[in-house]
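Down below is the structure, laid out as structure tokens.
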Amino acid sequence: MKCLPAIDILDGKCVRLSKGDFDKSKIYNKSPLDQAKIFENAGFKEIHIVDLNGAKSGNRSNLSIISKIASDTGLKIQLGGGIRSIDSITEAFDLGINKIILGTSILNKKFARKVMQKFDPNKIIFGLDVELKNNIFCLVSHGWNEVSDIDIFDFIDEIKPVHVLVTDISKDGTMSGPNYDLYSFLKSKFPYLKIIASGGISDINDIQKLISIKIEHAVIGKAIYEEKIELMELLNVI
């Protein structure tokens, strides 16, 4: 299991949201670069960054900050938020980003297929944010403000991505535990799928449970900032 500490950037600051609600953001560090250096100094080699302004509106106003993190640290970065074109993917890679997370844009399945053909699939992560709608886990877009009618299982079956970051937004920022059932169902139906779990992780026991259902990676945010999990605990996860 690889644990990735998260930095969500909103208006130039490191924040956390609750259930994706932009009106319920809490600032944890006014400098995302300083926060990234905290993770690097603790021993992490890779972090997860989301440009929340980009995710919500497509306005990538935090790009200079993200570029600074890439240039001033030795961290590998997986980046999501507002990356919705081939050109913006290429631009992010040119900045030194290691992996790209695509969310809103891949609801256009033609675009999703084009991305898989053009880029190394091991450097592309499909961010599948979901919300329960009529007993179906439907994909959510535009900073979690729009709920589609696309079933996550149907989408994966049709597009066949390699790496997915799956977030049940009802769990995000709640520290109430991940949606283990959803991850288990995904693993049983798509055993080849490399899943990054995100949302709801509250302590090291949640990490161990995810390992038990063979989840490869996990993103941890609020539990770190609220000091529910020590960074050294995450580094020592087996």
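Ordering of the structure tokens sets the chain letters (A, B, ...), residue numbers begin anew at 1 in every chain, and ligands are numbered from 1 in the order given.
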What lies within 6 Å of segment 112-124 of chain A using only C-alpha atoms, ignoring chain neighbours under 2 positions off, as number ranges by chain? A: 99-100, 106, 109-110
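Distances here use only C-alpha atoms; by that measure, the residue among A:Ile125, A:Cys138, A:Ile195, A:Val219 closest to Asp8 of chain A is A:Val219.
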List the spatial neighbours of segment 90-98 of chain A as a compact mmCIF listing (two decimals) with N, CA and C atoms, in the first residue's frame - criterion: any atom at most 9 Å away, only C-alpha atoms, same-chain residues fewer than 5 positions off excluded.
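What landed in selection_22.txt:
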```
# COMPACT_ATOMS: atom_id res chain seq x y z
N LEU A 63 -1.97 27.37 -10.92
CA LEU A 63 -0.94 26.64 -11.67
C LEU A 63 0.47 27.07 -11.29
N ILE A 66 1.48 25.31 -8.12
CA ILE A 66 1.74 23.90 -8.37
C ILE A 66 3.08 23.73 -9.09
N SER A 67 3.36 24.63 -10.03
CA SER A 67 4.64 24.60 -10.73
C SER A 67 5.80 24.80 -9.75
N ALA A 70 6.47 21.65 -7.89
CA ALA A 70 7.18 20.69 -8.74
C ALA A 70 8.65 21.04 -8.88
N SER A 71 8.97 22.34 -8.96
CA SER A 71 10.36 22.75 -9.19
C SER A 71 11.19 22.85 -7.91
N LYS A 76 7.32 13.55 -6.40
CA LYS A 76 6.47 13.20 -7.54
C LYS A 76 5.06 13.69 -7.20
N ILE A 77 4.37 14.18 -8.22
CA ILE A 77 3.05 14.77 -7.99
C ILE A 77 2.03 14.13 -8.91
N GLN A 78 0.91 13.71 -8.32
CA GLN A 78 -0.25 13.38 -9.13
C GLN A 78 -1.23 14.54 -8.97
N LEU A 79 -1.62 15.12 -10.10
CA LEU A 79 -2.37 16.37 -10.09
C LEU A 79 -3.72 16.24 -10.78
N ILE A 83 -8.11 19.99 -15.50
CA ILE A 83 -7.34 19.51 -16.67
C ILE A 83 -8.34 18.86 -17.62
N SER A 85 -8.31 19.17 -21.37
CA SER A 85 -7.95 19.15 -22.78
C SER A 85 -6.61 18.45 -22.96
N LYS A 123 0.48 6.90 -16.59
CA LYS A 123 0.61 8.28 -16.11
C LYS A 123 -0.73 9.02 -16.09
```
**Request:** To one decimal in Å, tell me the separation between atom CA of Val140 of chain A and atom CA of Ile169 of chain A.
**Result:**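 Going from atom CA of Val140 of chain A over to atom CA of Ile169 of chain A, I get 8.8 Å.
The space between atom CA of Val166 of chain A and atom CA of Lys26 of chain A spans 22.6 Å.
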re atom CA of Pro191 of chain A and atom CA of Ile220 of chain A: distance 23.2 Å
List the neighbours of Leu75 of chain A out to 8 Å using only C-alpha atoms; skip same-chain residues closer than 5 positions along the sequence, and give me the result as a short mmCIF file (atom, residue, chain, number, x, y, z; two decimals) with C-alpha atoms, in the first residue's frame.
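Done, and the output landed in out38.cif:
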```cif
data_model
loop_
_atom_site.label_atom_id
_atom_site.label_comp_id
_atom_site.auth_asym_id
_atom_site.auth_seq_id
_atom_site.Cartn_x
_atom_site.Cartn_y
_atom_site.Cartn_z
CA GLU A 40 8.86 15.83 1.75
CA PHE A 44 7.27 11.07 1.42
CA LYS A 45 8.26 10.71 -2.22
CA GLU A 46 4.89 11.38 -3.84
CA ILE A 47 1.88 13.59 -3.06
CA ALA A 70 7.18 20.69 -8.74
#
```
- prompt: Which one is closest to Lys171 of chain A: A:Ile150, A:Ile89, A:Leu132, A:Leu186? Count only C-alpha atoms.
  reply: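 The shortest atom-to-atom distance to Lys171 of chain A comes from A:Leu132.
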- Task: Give the strand (DSSP E or B) residues of segment 6-238 of chain A, as assigned by DSSP on the backbone, as a ChimeraX atom specification.
- Result: /A:6-10,13-18,21-29,46-51,76-80,99-102,124-133,136-141,146-151,163-168,194-198,217-220
Let's have the selection written as a PDB file, in the first residue's frame, with C-alpha atoms.
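Output saved as part_20.pdb:
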```pdb
ATOM      1  CA  ALA A   6      -3.132  15.304  -0.084  1.00  0.00           C
ATOM      2  CA  ILE A   7      -2.913  19.014  -0.756  1.00  0.00           C
ATOM      3  CA  ASP A   8      -6.128  20.636  -1.959  1.00  0.00           C
ATOM      4  CA  ILE A   9      -5.537  24.188  -3.188  1.00  0.00           C
ATOM      5  CA  LEU A  10      -8.302  26.794  -3.135  1.00  0.00           C
ATOM      6  CA  LYS A  13      -4.225  28.150   0.116  1.00  0.00           C
ATOM      7  CA  CYS A  14      -4.098  24.580   1.408  1.00  0.00           C
ATOM      8  CA  VAL A  15      -7.632  23.677   2.488  1.00  0.00           C
ATOM      9  CA  ARG A  16      -9.963  20.767   3.104  1.00  0.00           C
ATOM     10  CA  LEU A  17     -13.611  20.617   2.142  1.00  0.00           C
ATOM     11  CA  SER A  18     -16.393  18.630   3.773  1.00  0.00           C
ATOM     12  CA  ASP A  21     -18.848  21.694  -0.206  1.00  0.00           C
ATOM     13  CA  PHE A  22     -16.888  24.800  -1.222  1.00  0.00           C
ATOM     14  CA  ASP A  23     -18.774  26.797   1.402  1.00  0.00           C
ATOM     15  CA  LYS A  24     -17.334  24.526   4.087  1.00  0.00           C
ATOM     16  CA  SER A  25     -13.625  24.906   3.468  1.00  0.00           C
ATOM     17  CA  LYS A  26     -11.046  25.107   6.232  1.00  0.00           C
ATOM     18  CA  ILE A  27      -7.578  26.582   5.722  1.00  0.00           C
ATOM     19  CA  TYR A  28      -4.770  24.435   7.122  1.00  0.00           C
ATOM     20  CA  ASN A  29      -1.772  26.163   5.594  1.00  0.00           C
ATOM     21  CA  GLU A  46       4.890  11.377  -3.842  1.00  0.00           C
ATOM     22  CA  ILE A  47       1.877  13.591  -3.059  1.00  0.00           C
ATOM     23  CA  HIS A  48      -1.626  14.142  -4.359  1.00  0.00           C
ATOM     24  CA  ILE A  49      -2.629  17.678  -5.369  1.00  0.00           C
ATOM     25  CA  VAL A  50      -6.050  18.946  -6.417  1.00  0.00           C
ATOM     26  CA  ASP A  51      -6.577  22.406  -7.848  1.00  0.00           C
ATOM     27  CA  LYS A  76       6.471  13.199  -7.536  1.00  0.00           C
ATOM     28  CA  ILE A  77       3.054  14.774  -7.990  1.00  0.00           C
ATOM     29  CA  GLN A  78      -0.246  13.378  -9.133  1.00  0.00           C
ATOM     30  CA  LEU A  79      -2.372  16.374 -10.092  1.00  0.00           C
ATOM     31  CA  GLY A  80      -6.059  16.849 -10.735  1.00  0.00           C
ATOM     32  CA  LYS A  99       0.679  11.703 -13.143  1.00  0.00           C
ATOM     33  CA  ILE A 100      -2.483  13.461 -14.288  1.00  0.00           C
ATOM     34  CA  ILE A 101      -5.930  12.941 -12.777  1.00  0.00           C
ATOM     35  CA  LEU A 102      -8.844  13.531 -15.137  1.00  0.00           C
ATOM     36  CA  ILE A 124      -3.132   8.883 -16.462  1.00  0.00           C
ATOM     37  CA  ILE A 125      -5.545   8.424 -13.566  1.00  0.00           C
ATOM     38  CA  PHE A 126      -9.291   8.589 -14.086  1.00  0.00           C
ATOM     39  CA  GLY A 127     -10.805  10.409 -11.126  1.00  0.00           C
ATOM     40  CA  LEU A 128     -14.156   8.735 -10.596  1.00  0.00           C
ATOM     41  CA  ASP A 129     -16.038  10.780  -8.014  1.00  0.00           C
ATOM     42  CA  VAL A 130     -19.413   9.248  -7.238  1.00  0.00           C
ATOM     43  CA  GLU A 131     -22.669  10.005  -5.504  1.00  0.00           C
ATOM     44  CA  LEU A 132     -25.498   7.576  -4.817  1.00  0.00           C
ATOM     45  CA  LYS A 133     -28.440   8.435  -7.072  1.00  0.00           C
ATOM     46  CA  ILE A 136     -26.646   3.792  -8.462  1.00  0.00           C
ATOM     47  CA  PHE A 137     -23.174   5.210  -7.887  1.00  0.00           C
ATOM     48  CA  CYS A 138     -23.181   7.911 -10.556  1.00  0.00           C
ATOM     49  CA  LEU A 139     -20.178   9.944 -11.672  1.00  0.00           C
ATOM     50  CA  VAL A 140     -19.994  13.532 -10.454  1.00  0.00           C
ATOM     51  CA  SER A 141     -18.265  16.426 -12.229  1.00  0.00           C
ATOM     52  CA  GLU A 146     -23.066  18.183 -11.116  1.00  0.00           C
ATOM     53  CA  VAL A 147     -24.296  14.587 -10.825  1.00  0.00           C
ATOM     54  CA  SER A 148     -24.466  12.644 -14.088  1.00  0.00           C
ATOM     55  CA  ASP A 149     -26.490   9.538 -14.923  1.00  0.00           C
ATOM     56  CA  ILE A 150     -23.342   7.543 -15.697  1.00  0.00           C
ATOM     57  CA  ASP A 151     -22.965   4.423 -13.552  1.00  0.00           C
ATOM     58  CA  HIS A 163      -5.687   3.523 -12.867  1.00  0.00           C
ATOM     59  CA  VAL A 164      -8.681   5.037 -11.092  1.00  0.00           C
ATOM     60  CA  LEU A 165      -9.032   7.345  -8.105  1.00  0.00           C
ATOM     61  CA  VAL A 166     -12.420   6.546  -6.600  1.00  0.00           C
ATOM     62  CA  THR A 167     -14.088   8.913  -4.140  1.00  0.00           C
ATOM     63  CA  ASP A 168     -17.519   8.501  -2.587  1.00  0.00           C
ATOM     64  CA  LYS A 194      -5.507  -0.339  -9.930  1.00  0.00           C
ATOM     65  CA  ILE A 195      -7.557   1.590  -7.382  1.00  0.00           C
ATOM     66  CA  ILE A 196      -6.601   4.646  -5.365  1.00  0.00           C
ATOM     67  CA  ALA A 197      -8.983   4.993  -2.423  1.00  0.00           C
ATOM     68  CA  SER A 198      -9.973   8.480  -1.340  1.00  0.00           C
ATOM     69  CA  HIS A 217      -3.043   3.181  -2.966  1.00  0.00           C
ATOM     70  CA  ALA A 218      -4.833   5.596  -0.646  1.00  0.00           C
ATOM     71  CA  VAL A 219      -5.059   9.383  -0.494  1.00  0.00           C
ATOM     72  CA  ILE A 220      -5.206  10.844   2.995  1.00  0.00           C
TER      73      ILE A 220
END
```
In segment 115-183 of chain A, what's helix (DSSP H, G or I) per DSSP? Answer as a ChimeraX atom specification? /A:115-118,121-123,152-159,180-183
Using only C-alpha atoms, the best pick from A:Lys30, A:Lys209, A:Lys37, A:Lys56 as closest to Gly74 of chain A would be A:Lys37
Using only C-alpha atoms, the shortest atom-to-atom distance to Gly43 of chain A among A:Ser88, A:Thr73, A:Ser188, A:Thr104 belongs to A:Thr73
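Each of A:Pro32, A:Gln208, A:Ile159, A:Met175 was checked against Ile224 of chain A using only C-alpha atoms; the smallest atom-to-atom distance is that of A:Met175.
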(request) For Pro178 of chain A, work out the shell of residues within 7 Å, counting only C-alpha atoms and skipping chain neighbours fewer than 4 positions away, then give it as a list in words. (result) Lys171, Gly199, Gly200 and Ile201 of chain A
Can those selected residues be exported to a file as a tab-separated table (two decimals), in the first residue's frame so that it contains C-alpha atoms?
```
chain	number	residue	atom	x	y	z
A	171	LYS	CA	-17.41	10.25	2.74
A	199	GLY	CA	-12.46	9.89	1.14
A	200	GLY	CA	-13.33	9.14	4.72
A	201	ILE	CA	-10.04	7.70	5.98
```
